[in-house]
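Colleague: Input structure: entry17.cif, which contains mmCIF, C-alpha atoms.
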```cif
data_data
#
loop_
_atom_site.label_atom_id
_atom_site.label_comp_id
_atom_site.auth_asym_id
_atom_site.auth_seq_id
_atom_site.Cartn_x
_atom_site.Cartn_y
_atom_site.Cartn_z
CA ALA Z 96 31.42 -112.76 -48.20
CA ALA Z 97 30.53 -110.58 -51.17
CA THR Z 98 27.68 -112.91 -52.14
CA ALA Z 99 26.15 -112.77 -48.66
CA PHE Z 100 26.61 -109.01 -48.59
CA GLY Z 101 24.84 -108.64 -51.93
CA ARG Z 102 21.91 -110.74 -50.70
CA ALA Z 103 21.74 -108.63 -47.54
CA ASN Z 104 21.54 -105.42 -49.58
CA VAL Z 105 18.64 -106.78 -51.62
CA HIS Z 106 16.75 -107.79 -48.47
CA TYR Z 107 17.37 -104.36 -46.94
CA VAL Z 108 15.97 -102.52 -49.94
CA ASN Z 109 12.91 -104.80 -49.83
CA GLU Z 110 12.49 -104.00 -46.09
CA GLU Z 111 13.20 -107.63 -45.16
CA TYR Z 112 15.41 -106.60 -42.28
CA ASP Z 113 15.58 -109.92 -40.46
CA GLU Z 114 16.87 -111.70 -43.55
CA ALA Z 115 19.21 -108.82 -44.29
CA LEU Z 116 20.70 -109.00 -40.81
CA GLN Z 117 21.33 -112.72 -41.12
CA ASN Z 118 23.20 -112.20 -44.38
CA TYR Z 119 25.19 -109.21 -43.08
CA THR Z 120 26.23 -111.32 -40.11
CA GLN Z 121 27.30 -114.12 -42.44
CA ALA Z 122 29.33 -111.67 -44.53
CA ILE Z 123 31.05 -110.27 -41.41
CA SER Z 124 31.90 -113.77 -40.21
CA LEU Z 125 33.75 -114.31 -43.50
CA GLN Z 126 35.27 -110.83 -43.84
CA ASP Z 127 35.08 -108.22 -41.11
CA CYS Z 128 35.38 -104.78 -42.71
CA VAL Z 129 34.12 -101.19 -42.36
CA GLU Z 130 31.50 -101.46 -45.09
CA TYR Z 131 29.88 -104.63 -43.74
CA ARG Z 132 29.88 -103.37 -40.15
CA SER Z 133 28.40 -100.02 -41.16
CA CYS Z 134 25.63 -101.69 -43.13
CA ARG Z 135 24.75 -104.01 -40.26
CA ALA Z 136 24.68 -100.98 -37.93
CA ALA Z 137 22.05 -99.43 -40.23
CA CYS Z 138 20.02 -102.60 -40.09
CA HIS Z 139 20.07 -102.67 -36.29
CA LEU Z 140 18.95 -99.05 -36.39
CA LYS Z 141 15.97 -99.93 -38.58
CA LEU Z 142 14.98 -102.57 -36.04
CA GLY Z 143 15.25 -100.15 -33.12
CA ARG Z 144 18.28 -101.94 -31.64
CA PHE Z 145 20.30 -98.88 -30.77
CA GLU Z 146 22.90 -100.51 -28.51
CA GLU Z 147 23.73 -102.99 -31.27
CA THR Z 148 23.94 -100.08 -33.71
CA LEU Z 149 26.52 -98.41 -31.48
CA GLU Z 150 28.50 -101.65 -31.22
CA ASP Z 151 28.75 -102.20 -34.97
CA ALA Z 152 29.40 -98.53 -35.70
CA GLY Z 153 32.12 -98.58 -33.04
CA GLU Z 154 33.79 -101.60 -34.64
CA ALA Z 155 33.70 -99.87 -38.03
CA LEU Z 156 35.25 -96.74 -36.53
CA LYS Z 157 38.09 -98.79 -35.03
CA LEU Z 158 39.00 -99.72 -38.59
CA ASP Z 159 38.34 -96.23 -40.03
CA PRO Z 160 37.94 -93.51 -37.34
CA LYS Z 161 36.76 -90.89 -39.89
CA ASN Z 162 34.22 -93.05 -41.69
CA SER Z 163 31.30 -90.69 -42.31
CA GLN Z 164 28.66 -93.38 -42.63
CA ALA Z 165 29.59 -95.17 -39.39
CA LEU Z 166 29.65 -91.84 -37.57
CA TYR Z 167 26.22 -91.07 -39.00
CA TRP Z 168 24.62 -94.30 -37.73
CA LYS Z 169 26.31 -93.85 -34.37
CA GLY Z 170 24.97 -90.30 -34.07
CA ILE Z 171 21.40 -91.32 -34.83
CA ALA Z 172 21.54 -94.20 -32.37
CA LEU Z 173 22.79 -91.80 -29.68
CA PHE Z 174 19.91 -89.46 -30.51
CA TYR Z 175 17.32 -92.17 -29.93
CA LEU Z 176 19.10 -93.14 -26.71
CA ALA Z 177 18.54 -89.50 -25.62
CA ASP Z 178 22.27 -88.64 -25.52
CA PHE Z 179 21.69 -85.51 -27.58
CA LEU Z 180 24.97 -83.75 -26.80
CA GLN Z 181 27.11 -86.70 -27.89
CA ALA Z 182 24.79 -87.36 -30.82
CA LYS Z 183 25.27 -83.80 -32.06
CA SER Z 184 29.05 -84.01 -31.69
CA THR Z 185 29.16 -87.31 -33.60
CA LEU Z 186 26.89 -86.02 -36.38
CA GLU Z 187 28.98 -82.87 -36.74
CA GLU Z 188 32.07 -85.06 -37.12
CA SER Z 189 30.24 -87.08 -39.77
CA LEU Z 190 29.31 -83.88 -41.61
CA LEU Z 191 32.94 -82.71 -41.56
CA SER Z 192 33.97 -86.02 -43.11
CA ASP Z 193 31.35 -85.70 -45.84
CA PRO Z 194 29.93 -82.15 -46.15
CA ALA Z 195 27.75 -83.09 -49.13
CA LYS Z 196 25.31 -85.14 -47.04
CA ALA Z 197 22.43 -82.79 -46.21
CA THR Z 198 20.72 -85.25 -43.85
CA ARG Z 199 23.55 -84.73 -41.34
CA SER Z 200 22.49 -81.11 -40.92
CA LEU Z 201 18.88 -82.15 -40.44
CA TRP Z 202 19.76 -84.47 -37.56
CA ILE Z 203 22.03 -81.86 -36.00
CA ARG Z 204 19.03 -79.50 -35.97
CA LYS Z 205 16.97 -82.21 -34.27
CA CYS Z 206 19.65 -82.49 -31.58
CA ASP Z 207 19.64 -78.73 -31.12
CA ALA Z 208 15.85 -78.80 -30.74
CA GLU Z 209 16.01 -81.39 -27.96
CA LEU Z 210 18.92 -79.66 -26.21
CA SER Z 211 16.95 -76.41 -26.21
CA GLY Z 212 13.88 -78.08 -24.72
CA SER Z 213 11.75 -78.05 -27.85
CA SER Z 214 8.92 -80.54 -28.22
CA LEU Z 215 10.36 -81.80 -31.51
CA PRO Z 216 8.51 -84.95 -32.56
CA LEU Z 217 10.32 -88.25 -32.67
CA VAL Z 218 9.96 -89.32 -36.26
CA GLY Z 219 12.01 -91.36 -38.65
CA VAL Z 220 13.84 -94.52 -37.78
CA THR Z 221 11.90 -95.67 -34.72
CA ALA Z 222 8.61 -94.94 -36.41
CA GLU Z 223 9.58 -97.31 -39.19
CA LEU Z 224 10.60 -100.41 -37.29
CA SER Z 225 10.32 -103.55 -39.32
CA LYS Z 226 6.74 -104.75 -39.53
CA ALA Z 227 8.13 -108.24 -39.25
CA SER Z 228 10.66 -107.64 -36.50
CA LYS Z 229 11.46 -110.61 -34.29
CA PRO Z 230 12.44 -110.93 -30.61
CA VAL Z 231 15.80 -109.51 -29.65
CA ASN Z 232 17.46 -112.90 -29.36
CA GLN Z 233 16.59 -113.70 -32.94
CA ALA Z 234 18.91 -112.77 -35.81
CA LEU Z 235 17.79 -109.68 -37.70
CA ALA Z 236 19.18 -108.02 -40.79
CA PRO Z 237 19.32 -104.66 -42.69
CA ALA Z 238 19.86 -104.50 -46.37
CA PRO Z 239 21.46 -101.64 -48.27
CA ALA Z 240 21.07 -101.33 -51.98
CA THR Z 241 23.17 -103.49 -54.19
CA THR Z 242 26.06 -101.20 -53.58
CA PRO Z 243 25.80 -99.47 -50.23
CA ALA Z 244 24.62 -95.99 -50.56
CA THR Z 245 23.92 -94.06 -47.44
CA PRO Z 246 19.90 -93.84 -43.72
CA ALA Z 247 18.01 -91.92 -40.93
CA VAL Z 248 19.77 -92.15 -41.93
CA VAL Z 249 18.37 -92.69 -45.72
CA THR Z 250 17.31 -92.58 -49.31
CA PRO Z 251 13.77 -93.66 -49.95
CA ALA Z 252 12.96 -97.12 -51.18
CA PRO Z 253 10.12 -97.38 -53.68
CA ALA Z 254 6.75 -97.16 -51.96
CA PRO Z 255 4.82 -100.41 -51.92
CA ALA Z 256 1.48 -100.62 -53.60
CA GLU Z 257 -0.39 -100.61 -50.32
CA THR Z 258 0.26 -97.00 -49.44
CA PRO Z 259 -1.83 -95.60 -46.57
CA THR Z 260 -5.16 -93.92 -47.09
CA GLU Z 261 -5.68 -90.17 -47.31
CA VAL Z 262 -5.21 -89.32 -43.62
CA ILE Z 263 -1.87 -90.86 -42.78
CA ASP Z 264 -0.99 -89.58 -39.32
CA ARG Z 265 -3.47 -88.81 -36.55
CA HIS Z 266 -1.52 -89.15 -33.33
CA THR Z 267 0.26 -86.81 -31.00
CA PRO Z 268 3.98 -87.23 -31.68
CA LEU Z 269 6.26 -88.35 -28.90
CA SER Z 270 8.58 -85.80 -27.32
CA ILE Z 271 11.81 -86.86 -25.67
CA THR Z 272 11.79 -83.86 -23.36
CA GLY Z 273 8.52 -84.88 -21.73
CA ARG Z 274 6.84 -81.56 -22.54
CA LYS Z 275 3.31 -81.65 -23.88
CA PRO Z 276 3.86 -81.87 -27.63
CA VAL Z 277 2.07 -79.98 -30.35
CA LYS Z 278 -0.43 -82.33 -31.96
CA ARG Z 279 0.29 -82.98 -35.60
CA GLU Z 280 -1.77 -84.50 -38.42
CA TRP Z 281 -1.05 -84.85 -42.10
CA TYR Z 282 -2.82 -85.99 -45.20
CA GLN Z 283 -2.40 -85.74 -48.95
CA ASN Z 284 -4.23 -85.55 -52.23
CA ALA Z 285 -2.91 -86.10 -55.74
CA THR Z 286 -1.01 -82.81 -55.89
CA HIS Z 287 -0.34 -81.61 -52.33
CA VAL Z 288 0.69 -82.70 -48.84
CA PHE Z 289 -0.92 -80.92 -45.89
CA ILE Z 290 0.67 -80.83 -42.42
CA THR Z 291 -1.44 -79.37 -39.59
CA LEU Z 292 0.17 -78.28 -36.31
CA PHE Z 293 -2.45 -77.66 -33.63
CA ALA Z 294 -1.00 -74.70 -31.75
CA LYS Z 295 -3.24 -71.84 -30.65
CA GLY Z 296 -2.21 -68.22 -30.74
CA VAL Z 297 0.92 -68.51 -32.85
CA ALA Z 298 1.96 -65.06 -34.09
CA GLU Z 299 2.57 -65.13 -37.83
CA GLU Z 300 5.53 -62.77 -37.50
CA SER Z 301 7.22 -65.19 -35.08
CA LEU Z 302 7.10 -68.06 -37.57
CA LYS Z 303 10.38 -69.17 -39.14
CA VAL Z 304 9.98 -71.17 -42.35
CA ASP Z 305 12.53 -72.77 -44.65
CA LEU Z 306 11.03 -74.81 -47.50
CA GLN Z 307 13.55 -76.64 -49.65
CA GLN Z 308 13.03 -79.19 -52.40
CA LYS Z 309 13.98 -82.14 -50.19
CA GLU Z 310 13.49 -80.85 -46.66
CA ILE Z 311 11.55 -78.33 -44.60
CA ALA Z 312 12.10 -76.54 -41.32
CA VAL Z 313 9.31 -74.73 -39.45
CA SER Z 314 9.65 -73.24 -35.97
CA PHE Z 315 7.78 -70.86 -33.69
CA PRO Z 316 7.75 -69.91 -29.99
CA LEU Z 317 5.47 -72.16 -27.96
CA PRO Z 318 2.36 -70.17 -26.96
CA GLY Z 319 2.28 -69.64 -23.22
CA GLY Z 320 5.82 -70.90 -22.77
CA SER Z 321 8.96 -69.07 -21.77
CA SER Z 322 10.76 -66.96 -24.36
CA ASP Z 323 13.29 -69.70 -25.12
CA GLU Z 324 10.73 -72.49 -25.64
CA GLU Z 325 10.34 -73.18 -29.33
CA TYR Z 326 8.54 -75.81 -31.37
CA GLN Z 327 10.59 -77.14 -34.27
CA LEU Z 328 9.53 -79.32 -37.18
CA ASN Z 329 12.45 -80.55 -39.28
CA LEU Z 330 11.65 -83.10 -41.97
CA ASP Z 331 13.73 -84.85 -44.61
CA LEU Z 332 10.81 -85.26 -47.01
CA HIS Z 333 9.59 -88.51 -48.50
CA ASP Z 334 9.74 -87.00 -51.99
CA ASP Z 335 10.58 -83.67 -53.63
CA ILE Z 336 8.30 -80.63 -53.41
CA VAL Z 337 8.04 -77.34 -55.33
CA PRO Z 338 9.16 -74.74 -52.74
CA SER Z 339 7.96 -71.73 -54.74
CA LYS Z 340 4.41 -73.13 -54.81
CA SER Z 341 4.36 -74.30 -51.20
CA LYS Z 342 3.37 -72.18 -48.22
CA VAL Z 343 2.57 -71.96 -44.51
CA GLU Z 344 -0.70 -70.49 -43.22
CA VAL Z 345 -1.46 -69.42 -39.64
CA SER Z 346 -4.90 -69.27 -38.02
CA ARG Z 347 -6.04 -68.76 -34.42
CA VAL Z 348 -5.89 -72.48 -33.63
CA LYS Z 349 -3.34 -74.02 -35.98
CA VAL Z 350 -0.39 -73.70 -38.32
CA GLU Z 351 -0.82 -75.42 -41.67
CA VAL Z 352 2.03 -76.34 -44.01
CA ILE Z 353 0.89 -76.85 -47.61
CA LEU Z 354 3.44 -78.55 -49.86
CA GLU Z 355 3.03 -78.96 -53.60
CA LYS Z 356 4.35 -82.30 -54.83
CA LYS Z 357 6.96 -82.19 -57.57
CA ASN Z 358 5.87 -85.68 -58.64
CA PRO Z 359 2.05 -85.82 -58.39
CA GLN Z 360 1.98 -89.46 -59.45
CA ILE Z 361 3.76 -90.51 -56.25
CA LYS Z 362 1.65 -91.19 -53.18
CA TRP Z 363 3.63 -90.60 -50.01
CA ARG Z 364 3.49 -93.34 -47.44
CA ASP Z 365 5.14 -91.21 -44.79
CA LEU Z 366 6.30 -87.62 -44.37
CA GLU Z 367 9.97 -88.51 -44.12
CA ARG Z 368 12.27 -90.48 -46.33
CA LYS Z 369 13.50 -93.81 -45.11
CA GLU Z 370 17.07 -94.00 -44.04
CA GLN Z 371 19.04 -96.18 -46.38
CA ILE Z 372 22.44 -97.59 -45.89
CA LEU Z 373 23.85 -96.07 -49.01
CA GLU Z 374 23.56 -92.51 -50.20
CA THR Z 375 24.09 -91.46 -53.75
#
```
In structure tokens, how does this file's structure come out?

Modeller:
Amino acid sequence: AATAFGRANVHYVNEEYDEALQNYTQAISLQDCVEYRSCRAACHLKLGRFEETLEDAGEALKLDPKNSQALYWKGIALFYLADFLQAKSTLEESLLSDPAKATRSLWIRKCDAELSGSSLPLVGVTAELSKASKPVNQALAPAPATTPATPAVVTPAPAPAETPTEVIDRHTPLSITGRKPVKREWYQNATHVFITLFAKGVAEESLKVDLQQKEIAVSFPLPGGSSDEEYQLNLDLHDDIVPSKSKVEVSRVKVEVILEKKNPQIKWRDLERKEQILET
């Protein structure tokens, strides 16, 4: 079982989720335990199989009802199934079990945004489905690092050589609430990452900004909306930034977030870190 589990972790780190899933399944068939179930739940999550994620996380929680990692995967799956209230409750329970995991708080904020009617973009796990994913009836597999560390939901795996070109994201993000979302684009150069939010008439004094080394939170009232309608951008960043040298600028037609990279040699392949099975 341990051999199959080790192979699965290697495949997961290499983003070979189908092979990882096969090996996790083999490991579980030989030894059903919390760690193996939790890792396979993460793999299902990577492949966008949220019901299967709930099933494996549920089995892990039968063995250890307070397992923070299983609660975490369950909460994220519930989020993507649009059960935001239960997702928030599950993620809060996960945070209580392991207060050191900052990504729990990020996902709780995402739940709050959806429950309040914000047009928070759907980013993260579903946007990173395996490029080689197979039909549902075919075995799939996640792979944590050699020793499971905790995803997204995720510590970033090394970026492959074929990172995207300068303009990485040019689509209007999806909003669970069905409201017209704020269009977002982002691009990067060697030293900075630029995030543009196309929202007209945002009052600078209404902007709330929290720039941390590993995550950012930006929110503002939606122009023309009711007083309780707020746009929220909460990101667990792909790599570290320098908060003191980063800033947010507001113009008549857009809000621009300018982040200085802490590691200029790293080219981001996405705005958010990938969720990994194991957290350090």

Colleague: Could you tell me how far atom CA of Asp127 of chain Z lies from atom CA of Trp202 of chain Z, in Å and to one decimal?

Modeller: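 Computed distance, atom CA of Asp127 of chain Z to atom CA of Trp202 of chain Z, equals 28.5 Å.
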
Colleague: For a quick check of understanding, using all atoms listed in the file, which of Z:Gln307, Z:Asn358, Z:Thr286, Z:Ser314 has the smallest distance to Ser339 of chain Z?

Modeller: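 Checking each candidate against Ser339 of chain Z, we get Z:Gln307 as the closest.
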
Colleague: Would you kindly translate the PyMOL selection byres ((chain Z and resi 290) around 12) into the concrete residues it picks from this file, as a VMD selection string?

Modeller: chain Z and resid 262 to 265 278 to 284 287 to 289 291 to 293 311 313 328 330 332 341 to 345 349 to 355 365 to 366

Colleague: Could you jot down the atom CA of Cys134 of chain Z to atom CA of Gln181 of chain Z separation for me, Å, one decimal place?

Modeller: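 Going from atom CA of Cys134 of chain Z over to atom CA of Gln181 of chain Z covers 21.4 Å.
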
Colleague: Set the distance at 9 Å and use all atoms listed in the file: which residues neighbour Val297 of chain Z once local chain neighbours fewer than 2 positions away are removed? I'd like the list as a list in words.

Modeller: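 Near Val297 of chain Z, the qualifying residues are Ala294, Lys295, Glu299, Glu300, Ser301, Leu302, Phe315, Pro316, Leu317, Pro318, Val345, Ser346, Arg347, Val348, Lys349 and Val350 of chain Z.
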
Colleague: Report, in Å to a single decimal, how far apart atom CA of Ala177 of chain Z and atom CA of Gly143 of chain Z are.

Modeller: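 Separation of atom CA of Gly143 of chain Z and atom CA of Ala177 of chain Z: 13.4 Å.
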
Colleague: Within 8 Å of Tyr167 of chain Z, counting all atoms listed in the file, which residues show up once you throw out same-chain ones fewer than 4 positions away? Write them as a list in words, please.

Modeller: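 Selected residues are Ser163, Ile171, Thr185, Leu186, Ser189, Arg199 and Val248 of chain Z.
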
Colleague: Atoms to include: C-alpha atoms. Write the selected residues as a PDB file, keeping the file's coordinate frame.

Modeller:
```pdb
ATOM      1  CA  SER Z 163      31.300 -90.690 -42.310  1.00  0.00           C
ATOM      2  CA  ILE Z 171      21.400 -91.320 -34.830  1.00  0.00           C
ATOM      3  CA  THR Z 185      29.160 -87.310 -33.600  1.00  0.00           C
ATOM      4  CA  LEU Z 186      26.890 -86.020 -36.380  1.00  0.00           C
ATOM      5  CA  SER Z 189      30.240 -87.080 -39.770  1.00  0.00           C
ATOM      6  CA  ARG Z 199      23.550 -84.730 -41.340  1.00  0.00           C
ATOM      7  CA  VAL Z 248      19.770 -92.150 -41.930  1.00  0.00           C
TER       8      VAL Z 248
END
```

Colleague: Find the axis-aligned box for segment 360-364 of chain Z, covering all its listed atoms and adding 8 Å on each side, and write its centre and edge lengths in Å to one decimal as AutoDock Vina command-line options.

Modeller:
```
--center_x 2.7 --center_y -91.4 --center_z -53.4 --size_x 18.1 --size_y 19.9 --size_z 28.0
```

Colleague: Would you kindly identify which residues have an atom no farther than 6 Å from (28.3, -101.8, -46.6), using only C-alpha atoms and the file's own coordinates, and write them out as a ChimeraX atom specification?

Modeller: /Z:130-131,133-134,243

Colleague: Using all atoms listed in the file, which residues sit within 10 Å of Gln327 of chain Z once same-chain residues fewer than 2 positions away are excluded, as a ChimeraX atom specification?

Modeller: /Z:204-205,207-209,213-216,277,303,312-317,324-325,329-330

Colleague: Please evaluate the PyMOL selection byres ((chain Z and resi 96) around 9) against the displayed coordinates and give the resulting residues as a list in words.

Modeller: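 Checking the PyMOL selection byres ((chain Z and resi 96) around 9) against this file, the residues are Ala97, Thr98, Ala99, Phe100, Gly101, Tyr119, Gln121, Ala122, Ile123, Ser124, Leu125 and Gln126 of chain Z.
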
Colleague: What residues come out when you apply the PyMOL selection byres ((chain Z and resi 190) around 12) to this file, written as a list in words?

Modeller: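 That selection, the PyMOL selection byres ((chain Z and resi 190) around 12), comes back as Lys161, Asn162, Ser163, Gln164, Ala165, Leu166, Tyr167, Gly170, Lys183, Ser184, Thr185, Leu186, Glu187, Glu188, Ser189, Leu191, Ser192, Asp193, Pro194, Ala195, Lys196, Ala197, Thr198, Arg199, Ser200, Leu201, Trp202 and Ile203 of chain Z.
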